[in-house]
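**Q** Take a look at upload.csv, CSV, C-alpha atoms and all ligand atoms:
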chain,number,residue,atom,x,y,z
K,1,MET,CA,72.9,32.7,120.5
K,2,MET,CA,72.4,29.7,118.2
K,3,LYS,CA,75.2,28.8,115.9
K,4,SER,CA,73.1,29.3,112.7
K,5,THR,CA,72.0,32.8,113.9
K,6,LYS,CA,75.6,33.7,114.5
K,7,ILE,CA,76.6,32.6,111.0
K,8,ALA,CA,73.7,34.5,109.5
K,9,LEU,CA,74.8,37.6,111.5
K,10,ILE,CA,78.4,37.4,110.3
K,11,LEU,CA,77.3,36.8,106.7
K,12,GLY,CA,75.0,39.8,106.9
K,13,MET,CA,77.9,42.0,108.2
K,14,ILE,CA,80.2,40.9,105.4
K,15,MET,CA,77.5,41.7,102.8
K,16,ALA,CA,76.9,45.1,104.3
K,17,LEU,CA,80.6,45.8,104.2
K,18,PHE,CA,80.7,44.9,100.5
K,19,SER,CA,77.7,47.1,99.6
K,20,CYS,CA,79.3,50.1,101.4
K,21,ALA,CA,82.6,49.8,99.4
K,22,GLU,CA,82.7,52.0,96.4
K,23,LYS,CA,82.3,50.0,93.2
K,24,GLU,CA,84.9,50.3,90.5
K,25,ASN,CA,83.9,52.4,87.5
K,26,THR,CA,83.9,50.4,84.3
K,27,ASN,CA,82.2,52.9,82.0
K,28,ILE,CA,82.1,56.6,81.3
K,29,TYR,CA,78.7,58.3,81.6
K,30,PRO,CA,79.1,61.8,79.9
K,31,GLY,CA,77.2,64.5,81.7
K,32,GLU,CA,76.4,62.4,84.9
K,33,VAL,CA,78.1,62.9,88.3
K,34,TRP,CA,81.5,61.2,88.1
K,35,LYS,CA,82.8,60.1,91.5
K,36,ASP,CA,86.4,59.5,92.5
K,37,ILE,CA,87.4,56.3,94.2
K,38,GLN,CA,86.9,57.9,97.6
K,39,GLY,CA,83.2,58.4,96.6
K,40,ASN,CA,83.2,62.2,96.1
K,41,PRO,CA,82.2,64.0,92.8
K,42,ILE,CA,85.3,64.8,90.8
K,43,ASN,CA,86.0,68.5,90.9
K,44,ALA,CA,88.5,69.2,88.1
K,45,HIS,CA,87.0,71.5,85.5
K,46,GLY,CA,88.6,73.0,82.4
K,47,GLY,CA,91.1,70.2,83.0
K,48,GLY,CA,94.0,68.4,81.3
K,49,ILE,CA,95.8,65.1,81.6
K,50,LEU,CA,99.5,64.3,82.2
K,51,PHE,CA,100.6,60.8,81.6
K,52,HIS,CA,103.7,60.1,83.7
K,53,GLU,CA,105.5,56.8,84.5
K,54,GLY,CA,102.4,54.7,83.9
K,55,THR,CA,99.9,56.9,85.7
K,56,TYR,CA,97.4,59.5,84.4
K,57,TYR,CA,97.1,62.7,86.3
K,58,TRP,CA,93.9,64.9,85.8
K,59,TYR,CA,94.3,68.5,86.8
K,60,GLY,CA,91.4,70.9,86.8
K,61,GLU,CA,89.7,73.9,88.4
K,62,MET,CA,88.2,73.3,91.8
K,63,LYS,CA,84.8,75.0,91.7
K,64,GLN,CA,83.3,75.1,95.2
K,65,GLY,CA,80.6,77.1,96.9
K,66,LYS,CA,78.1,79.6,95.8
K,67,THR,CA,77.9,80.9,92.2
K,68,TRP,CA,77.0,84.5,91.7
K,69,ARG,CA,76.8,86.9,88.7
K,70,VAL,CA,79.1,89.9,88.7
K,71,PRO,CA,76.5,92.7,88.9
K,72,TYR,CA,78.3,95.4,87.0
K,73,LEU,CA,79.1,93.4,83.8
K,74,LYS,CA,76.6,93.2,80.9
K,75,TRP,CA,77.6,89.7,79.9
K,76,GLU,CA,76.7,86.7,81.9
K,77,CYS,CA,79.8,86.6,84.1
K,78,TYR,CA,78.9,83.9,86.6
K,79,ARG,CA,81.6,82.9,89.0
K,80,CYS,CA,82.5,81.3,92.3
K,81,ASP,CA,85.5,81.7,94.5
K,82,ALA,CA,88.7,80.4,92.9
K,83,GLY,CA,89.4,77.1,94.7
K,84,GLY,CA,92.7,76.4,93.1
K,85,VAL,CA,93.8,73.3,91.1
K,86,ASN,CA,92.8,69.8,92.0
K,87,CYS,CA,94.8,66.7,91.1
K,88,TYR,CA,93.5,63.2,90.6
K,89,SER,CA,95.4,60.0,89.5
K,90,SER,CA,94.4,56.9,87.7
K,91,LYS,CA,95.8,53.9,85.9
K,92,ASP,CA,92.8,53.4,83.6
K,93,LEU,CA,91.3,56.9,82.9
K,94,VAL,CA,88.1,55.8,84.6
K,95,ASN,CA,88.8,55.3,88.3
K,96,TRP,CA,90.3,58.4,89.8
K,97,LYS,CA,91.9,58.9,93.2
K,98,HIS,CA,91.8,62.4,94.6
K,99,GLU,CA,95.5,63.3,95.3
K,100,GLY,CA,94.6,66.6,96.8
K,101,VAL,CA,94.8,70.3,95.9
K,102,ALA,CA,98.0,70.6,93.8
K,103,LEU,CA,97.9,74.4,93.8
K,104,PRO,CA,95.6,76.0,96.5
K,105,SER,CA,94.1,79.4,96.1
K,106,VAL,CA,95.2,82.2,98.5
K,107,LYS,CA,92.8,83.3,101.2
K,108,VAL,CA,94.4,86.4,102.7
K,109,ASP,CA,96.4,88.5,100.3
K,110,SER,CA,93.8,90.0,97.9
K,111,THR,CA,96.4,91.3,95.5
K,112,HIS,CA,97.8,87.8,94.9
K,113,ASP,CA,97.1,86.2,91.4
K,114,LEU,CA,95.7,83.1,93.2
K,115,HIS,CA,93.4,85.0,95.6
K,116,THR,CA,89.9,83.5,95.9
K,117,SER,CA,88.5,86.6,94.3
K,118,LYS,CA,90.5,86.0,91.1
K,119,VAL,CA,90.0,83.6,88.2
K,120,ILE,CA,92.1,80.4,88.0
K,121,GLU,CA,91.1,78.5,84.9
K,122,ARG,CA,92.1,75.8,82.5
K,123,PRO,CA,95.3,74.5,84.3
K,124,LYS,CA,97.5,72.1,82.3
K,125,VAL,CA,100.6,70.3,83.5
K,126,ILE,CA,103.6,69.1,81.5
K,127,TYR,CA,106.8,67.4,82.6
K,128,ASN,CA,110.3,68.7,81.7
K,129,ARG,CA,112.7,65.9,81.1
K,130,ASN,CA,115.8,68.1,81.5
K,131,THR,CA,114.8,69.8,84.8
K,132,GLY,CA,112.8,67.0,86.2
K,133,LYS,CA,110.1,69.6,87.1
K,134,PHE,CA,106.3,69.4,86.6
K,135,VAL,CA,105.2,72.7,85.1
K,136,MET,CA,101.7,74.0,85.4
K,137,TRP,CA,100.3,76.8,83.2
K,138,MET,CA,96.9,78.3,83.8
K,139,HIS,CA,94.6,81.2,82.9
K,140,ILE,CA,94.8,83.9,85.6
K,141,ASP,CA,92.3,86.7,85.5
K,142,SER,CA,90.4,89.3,87.6
K,143,GLU,CA,86.7,88.8,88.1
K,144,ASP,CA,85.9,91.1,85.1
K,145,TYR,CA,88.4,89.1,82.9
K,146,GLN,CA,90.4,92.2,82.1
K,147,TYR,CA,93.7,91.0,83.6
K,148,ALA,CA,94.0,88.3,80.9
K,149,ARG,CA,97.3,86.6,81.9
K,150,ALA,CA,99.0,83.3,82.0
K,151,GLY,CA,100.2,81.9,85.3
K,152,VAL,CA,103.1,79.4,85.9
K,153,ALA,CA,103.8,77.1,88.8
K,154,ILE,CA,106.3,74.3,89.3
K,155,SER,CA,106.7,71.2,91.4
K,156,ASP,CA,109.0,68.2,92.0
K,157,HIS,CA,106.0,65.9,92.1
K,158,PRO,CA,103.1,65.4,89.8
K,159,GLN,CA,100.5,65.7,92.6
K,160,GLY,CA,102.2,68.9,93.9
K,161,PRO,CA,102.4,71.0,95.9
K,162,PHE,CA,103.1,73.4,93.1
K,163,THR,CA,105.0,76.7,93.8
K,164,TYR,CA,103.5,79.6,92.0
K,165,LEU,CA,106.2,81.6,90.1
K,166,GLN,CA,104.5,84.4,88.3
K,167,SER,CA,101.9,85.5,85.7
K,168,MET,CA,102.6,87.3,82.4
K,169,ARG,CA,101.1,88.5,79.2
K,170,PRO,CA,103.0,86.1,77.0
K,171,ASN,CA,104.8,88.0,74.2
K,172,GLY,CA,103.2,91.1,75.4
K,173,ALA,CA,99.7,89.9,74.5
K,174,MET,CA,96.5,89.0,76.3
K,175,SER,CA,96.1,85.4,77.3
K,176,ARG,CA,92.9,83.7,78.4
K,177,ASP,CA,91.7,80.2,77.5
K,178,MET,CA,94.8,78.0,77.0
K,179,THR,CA,96.4,74.7,76.6
K,180,LEU,CA,99.9,73.2,76.5
K,181,PHE,CA,101.2,70.7,74.0
K,182,VAL,CA,104.6,68.8,74.1
K,183,ASP,CA,105.8,67.6,70.7
K,184,ASP,CA,107.7,64.4,70.1
K,185,ASP,CA,111.0,66.3,70.0
K,186,GLY,CA,110.4,67.5,73.6
K,187,LYS,CA,109.6,71.1,72.7
K,188,ALA,CA,106.5,72.6,74.5
K,189,TYR,CA,104.0,75.0,73.2
K,190,HIS,CA,101.4,77.3,74.8
K,191,PHE,CA,98.2,78.0,72.9
K,192,TYR,CA,96.1,80.9,74.1
K,193,SER,CA,93.2,82.9,73.1
K,194,SER,CA,94.6,86.4,72.7
K,195,GLU,CA,93.8,89.9,71.3
K,196,LYS,CA,90.4,90.0,73.2
K,197,ASN,CA,89.8,86.3,72.3
K,198,LYS,CA,89.7,87.2,68.6
K,199,THR,CA,93.0,85.6,67.6
K,200,MET,CA,94.8,82.5,68.9
K,201,HIS,CA,98.6,82.5,69.6
K,202,VAL,CA,100.9,79.6,69.6
K,203,SER,CA,104.1,80.3,71.6
K,204,LEU,CA,107.2,78.1,71.9
K,205,LEU,CA,108.2,77.8,75.6
K,206,ASN,CA,111.7,78.2,76.8
K,207,ASP,CA,113.9,75.2,77.6
K,208,ASP,CA,112.6,74.8,81.2
K,209,PHE,CA,109.0,75.5,80.1
K,210,THR,CA,108.5,78.3,82.6
K,211,ALA,CA,108.3,81.3,80.2
K,212,PRO,CA,107.8,82.0,76.5
K,213,SER,CA,110.9,81.6,74.3
K,214,GLY,CA,110.0,84.7,72.3
K,215,LYS,CA,109.1,82.7,69.2
K,216,TYR,CA,105.3,82.7,68.6
K,217,LYS,CA,102.8,82.9,65.8
K,218,ARG,CA,99.3,84.4,65.5
K,219,ILE,CA,96.9,81.7,64.2
K,220,LEU,CA,93.2,81.5,63.5
K,221,GLU,CA,93.2,85.2,63.0
K,222,LYS,CA,89.9,86.9,63.9
K,223,GLU,CA,88.2,83.5,64.2
K,224,SER,CA,87.3,84.1,67.9
K,225,ARG,CA,88.1,80.6,69.0
K,226,GLU,CA,88.7,79.5,72.6
K,227,ALA,CA,88.9,76.4,74.8
K,228,PRO,CA,91.7,74.9,72.6
K,229,ALA,CA,92.8,71.3,72.9
K,230,VAL,CA,95.7,70.1,70.7
K,231,TRP,CA,96.9,66.7,69.7
K,232,LYS,CA,99.0,65.0,67.0
K,233,HIS,CA,97.6,62.3,64.7
K,234,GLN,CA,99.6,60.6,62.0
K,235,GLY,CA,102.1,63.5,61.8
K,236,LYS,CA,99.5,66.3,61.6
K,237,TYR,CA,98.5,68.7,64.4
K,238,TYR,CA,94.9,69.0,65.3
K,239,MET,CA,93.0,71.4,67.5
K,240,VAL,CA,89.4,71.3,68.7
K,241,SER,CA,88.1,74.6,70.0
K,242,SER,CA,84.9,76.3,70.8
K,243,GLY,CA,83.3,79.7,69.8
K,244,CYS,CA,83.2,82.5,72.4
K,245,THR,CA,79.8,82.3,74.2
K,246,GLY,CA,80.9,82.3,77.8
K,247,TRP,CA,79.5,79.3,79.8
K,248,SER,CA,77.0,78.5,77.0
K,249,PRO,CA,77.8,75.8,74.5
K,250,ASN,CA,78.3,76.4,70.8
K,251,PRO,CA,79.6,74.4,67.8
K,252,ALA,CA,83.1,72.9,68.1
K,253,GLN,CA,85.5,73.3,65.2
K,254,ILE,CA,88.6,71.3,64.1
K,255,SER,CA,91.7,73.2,62.9
K,256,ILE,CA,94.6,71.4,61.3
K,257,CYS,CA,98.2,72.1,60.5
K,258,ASP,CA,101.2,70.2,59.1
K,259,SER,CA,103.7,72.0,61.3
K,260,ILE,CA,102.9,73.4,64.8
K,261,MET,CA,103.8,77.0,64.0
K,262,GLY,CA,102.4,76.8,60.5
K,263,ASP,CA,99.3,78.0,58.8
K,264,TRP,CA,96.4,76.5,60.8
K,265,LYS,CA,93.2,76.0,58.9
K,266,THR,CA,89.7,75.6,60.5
K,267,VAL,CA,88.1,72.9,58.6
K,268,TYR,CA,84.9,71.3,60.0
K,269,ASP,CA,82.8,70.5,63.1
K,270,PRO,CA,83.8,67.0,64.3
K,271,CYS,CA,80.5,66.4,66.2
K,272,VAL,CA,77.8,64.4,64.5
K,273,GLY,CA,74.2,63.6,65.4
K,274,ALA,CA,71.6,65.2,67.7
K,275,ASP,CA,73.0,68.2,69.6
K,276,ALA,CA,76.2,68.2,67.6
K,277,ASN,CA,75.8,72.0,67.0
K,278,LYS,CA,76.1,72.5,70.8
K,279,THR,CA,79.0,70.0,71.1
K,280,PHE,CA,76.6,67.8,73.1
K,281,PHE,CA,76.2,70.7,75.6
K,282,SER,CA,79.9,70.8,76.3
K,283,GLN,CA,83.0,72.9,75.7
K,284,SER,CA,86.4,71.3,74.8
K,285,THR,CA,89.2,71.3,77.3
K,286,TYR,CA,91.6,68.4,76.4
K,287,VAL,CA,92.2,65.5,74.0
K,288,VAL,CA,94.0,62.4,75.3
K,289,PRO,CA,95.1,59.4,73.2
K,290,ASN,CA,93.0,56.3,74.2
K,291,PRO,CA,95.6,53.8,75.3
K,292,TYR,CA,93.3,50.9,74.7
K,293,ARG,CA,92.3,51.7,71.1
K,294,LYS,CA,95.2,52.6,68.8
K,295,GLY,CA,94.5,55.7,66.7
K,296,GLU,CA,91.6,56.8,68.8
K,297,TYR,CA,91.4,59.6,71.3
K,298,ILE,CA,89.2,60.8,74.1
K,299,TYR,CA,87.5,64.2,73.8
K,300,MET,CA,87.3,65.9,77.2
K,301,GLY,CA,84.7,68.6,77.6
K,302,ASP,CA,83.0,70.5,80.3
K,303,ARG,CA,79.3,70.8,80.6
K,304,TRP,CA,79.1,74.0,82.5
K,305,ASN,CA,76.2,74.7,84.9
K,306,LYS,CA,76.6,78.5,84.8
K,307,THR,CA,74.3,79.2,87.8
K,308,ASN,CA,75.8,76.4,89.9
K,309,LEU,CA,79.4,76.1,88.6
K,310,GLU,CA,80.3,73.5,91.3
K,311,ASP,CA,77.7,71.1,89.6
K,312,SER,CA,79.3,71.4,86.2
K,313,ARG,CA,79.8,68.0,84.7
K,314,TYR,CA,82.3,66.2,82.3
K,315,VAL,CA,81.5,65.1,78.8
K,316,TRP,CA,84.2,62.7,77.7
K,317,LEU,CA,83.5,61.0,74.4
K,318,PRO,CA,85.4,58.8,71.9
K,319,LEU,CA,87.1,60.8,69.2
K,320,SER,CA,87.9,58.6,66.2
K,321,PHE,CA,89.0,59.1,62.6
K,322,GLU,CA,86.8,58.0,59.7
K,323,ASN,CA,88.1,58.5,56.2
K,324,GLY,CA,90.8,60.8,57.6
K,325,LYS,CA,88.2,63.0,59.4
K,326,ALA,CA,88.0,63.4,63.2
K,327,LYS,CA,84.5,62.4,64.5
K,328,ILE,CA,82.9,62.9,67.9
K,329,GLU,CA,79.6,61.1,68.5
K,330,TRP,CA,77.3,61.1,71.6
K,331,HIS,CA,77.3,58.1,73.9
K,332,LYS,CA,75.1,57.9,76.9
K,333,GLU,CA,77.5,55.3,78.3
K,334,TRP,CA,80.7,53.9,76.9
K,335,SER,CA,83.9,52.0,77.7
K,336,VAL,CA,87.4,53.3,76.9
K,337,LYS,CA,88.5,49.6,76.5
U,401,LIG,C1,84.4,80.7,78.6
U,401,LIG,C2,85.7,80.0,78.9
U,401,LIG,C3,85.7,79.5,80.3
U,401,LIG,C4,85.3,80.6,81.2
U,401,LIG,C5,84.1,81.3,80.8
U,401,LIG,C6,83.7,82.5,81.7
U,401,LIG,O1,84.3,81.2,77.4
U,401,LIG,O2,86.0,79.0,78.0
U,401,LIG,O3,86.9,78.9,80.6
U,401,LIG,O4,86.4,81.6,81.2
U,401,LIG,O5,84.1,81.7,79.5
U,401,LIG,O6,82.5,83.1,81.3
Reformat the file's structure so that it appears as structure tokens.

**A**
Amino acid sequence: MMKSTKIALILGMIMALFSCAEKENTNIYPGEVWKDIQGNPINAHGGGILFHEGTYYWYGEMKQGKTWRVPYLKWECYRCDAGGVNCYSSKDLVNWKHEGVALPSVKVDSTHDLHTSKVIERPKVIYNRNTGKFVMWMHIDSEDYQYARAGVAISDHPQGPFTYLQSMRPNGAMSRDMTLFVDDDGKAYHFYSSEKNKTMHVSLLNDDFTAPSGKYKRILEKESREAPAVWKHQGKYYMVSSGCTGWSPNPAQISICDSIMGDWKTVYDPCVGADANKTFFSQSTYVVPNPYRKGEYIYMGDRWNKTNLEDSRYVWLPLSFENGKAKIEWHKEWSVK
């Protein structure tokens, strides 16, 4: 072979190698397929973020396989087998590495809370400084959503494996859509849609975060809010939540309070512009501070595809404050930096 042909061949091989390698994500494309750094679509729905020792961990529902509608229910109860909880890690909130299944579903024992026939939704993980454990809470339900419980699992490592402890009806009440919030003083709170989703509860967790402390408050009474995401901004507590229309989008609302167990007030819809009244075809799941822009946050939502749940997408948008009001605007493409 001639020397020049050889060089051309080697150059061609190098170029082919480069084009095969996954490109780094620089921007967020709400509603588009979002691939992890291994090149697979991210599968972490109804998720939440833990920031631990310089790394972000994204936990979410693994939705895989066929979606079907539960035939005996009047409402549109679409579901797929519970896959467990996936974990991804990232340094920049944009490029995510699949760490594996942090809490797998159970294939054999059909009575187990984590059996594939059950519902495992909206997992959130927090870290307990005193015990050194990572604590996961999640919505556990039966396929008809009548079990309405909160499940708890713990691990020594952020990426798992988590050990499932138990499920409960916190403070003796129903618990469905939920989130966790750790305050600056290290106390942790569980927010959950209760009383047939009509009233939200906020419950102070015990010292090791694995059970309710017994101190709780009924908030947003008879407002029928779900999909709560809670954050703190300039000393006030904020919640973005959705209405109760199953997998279909509806308007978001902001609720505010001066103290976490105080008198929460629902004040306005933070979304502005076209499709704001459908939360840009998404439902809230978490709000994370944007580390690159002080005083700004990232709204994390799910765009559910109810007849193909595995193909549900993520709608992450900038959440900023304008004249003291939280605002979420649509961006087809944006950068967190
Ligand atoms: C939604 C809820 C989702 C899921 C769905 C089932 O209202 O936010 O997490 O439970 O209902 O239809």

**Q** What's around Pro41 of chain K at 12 Å? Count all atoms listed in the file, leave out sequence neighbours fewer than 4 positions away in its own chain, and write the answer as number ranges by chain.

**A** K: 32-37, 45, 62-64, 88, 95-98, 310-314

**Q** Can you pull out every residue within 8 Å of Pro318 of chain K, counting only C-alpha atoms, but drop anything in the same chain fewer than 4 positions away, and send it as a VMD selection string?

**A** chain K and resid 296 to 299 328 to 329 336

**Q** Report as a tab-separated table: every residue of chain K with an atom at most 9 Å from ligand LIG 401 (chain U), its closest pair of atoms, and their distance in Å to one decimal, counting all atoms listed in the file, with rows sorted by chain and ascending residue number.

**A**
residue	atom	partner	partner_atom	distance
K:His45	CA	U:LIG401	O3	8.9
K:Gly46	CA	U:LIG401	O3	6.4
K:Trp75	CA	U:LIG401	O6	8.3
K:Glu76	CA	U:LIG401	O6	6.9
K:Cys77	CA	U:LIG401	O6	5.2
K:Tyr78	CA	U:LIG401	O6	6.5
K:Arg79	CA	U:LIG401	C6	7.6
K:Val119	CA	U:LIG401	O4	8.1
K:Ile120	CA	U:LIG401	O4	9.0
K:Glu121	CA	U:LIG401	O3	6.0
K:Arg122	CA	U:LIG401	O3	6.3
K:His139	CA	U:LIG401	O3	8.4
K:Asp141	CA	U:LIG401	O4	8.9
K:Tyr145	CA	U:LIG401	O4	7.9
K:Arg176	CA	U:LIG401	O4	7.4
K:Asp177	CA	U:LIG401	O2	5.8
K:Met178	CA	U:LIG401	O3	8.7
K:Glu226	CA	U:LIG401	O2	6.1
K:Ala227	CA	U:LIG401	O2	5.0
K:Pro228	CA	U:LIG401	O2	8.9
K:Ser242	CA	U:LIG401	O2	7.8
K:Gly243	CA	U:LIG401	O1	7.8
K:Cys244	CA	U:LIG401	O1	5.3
K:Thr245	CA	U:LIG401	O1	5.6
K:Gly246	CA	U:LIG401	O1	3.6
K:Trp247	CA	U:LIG401	O6	5.1
K:Ser248	CA	U:LIG401	O1	7.8
K:Pro249	CA	U:LIG401	O1	8.9
K:Gln283	CA	U:LIG401	O2	7.2
K:Ser284	CA	U:LIG401	O2	8.3
K:Thr285	CA	U:LIG401	O2	8.4
K:Trp304	CA	U:LIG401	C3	8.9
K:Lys306	CA	U:LIG401	O6	8.3

**Q** To one decimal place in Å, what is the distance between atom CA of Asp263 of chain K and atom CA of Tyr238 of chain K?

**A**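 Computed distance, atom CA of Asp263 of chain K to atom CA of Tyr238 of chain K, equals 11.9 Å.
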
**Q** Using only C-alpha atoms, give me every residue within 8 Å of (102.7, 76.0, 85.9) in file coordinates, as a JSON list (two decimals) with C-alpha atoms, in the frame of the given file.

**A**
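Wrote out_22.json, looks like this:
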[["chain", "number", "residue", "atom", "x", "y", "z"],
["K", 123, "PRO", "CA", 95.30, 74.50, 84.30],
["K", 124, "LYS", "CA", 97.50, 72.10, 82.30],
["K", 125, "VAL", "CA", 100.60, 70.30, 83.50],
["K", 134, "PHE", "CA", 106.30, 69.40, 86.60],
["K", 135, "VAL", "CA", 105.20, 72.70, 85.10],
["K", 136, "MET", "CA", 101.70, 74.00, 85.40],
["K", 137, "TRP", "CA", 100.30, 76.80, 83.20],
["K", 138, "MET", "CA", 96.90, 78.30, 83.80],
["K", 151, "GLY", "CA", 100.20, 81.90, 85.30],
["K", 152, "VAL", "CA", 103.10, 79.40, 85.90],
["K", 153, "ALA", "CA", 103.80, 77.10, 88.80],
["K", 154, "ILE", "CA", 106.30, 74.30, 89.30],
["K", 162, "PHE", "CA", 103.10, 73.40, 93.10],
["K", 164, "TYR", "CA", 103.50, 79.60, 92.00],
["K", 165, "LEU", "CA", 106.20, 81.60, 90.10],
["K", 210, "THR", "CA", 108.50, 78.30, 82.60]]

**Q** Pick the closest to Thr55 of chain K from K:Pro291, K:Lys118, K:Asp207, K:Lys74: which is it, counting only C-alpha atoms?

**A** K:Pro291

**Q** So, counting all atoms listed in the file, which residue among K:Gly100, K:Gly47, K:Gly65, K:Gly83 is closest to Ser117 of chain K?

**A**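 The answer is K:Gly83, which sits nearest to Ser117 of chain K.
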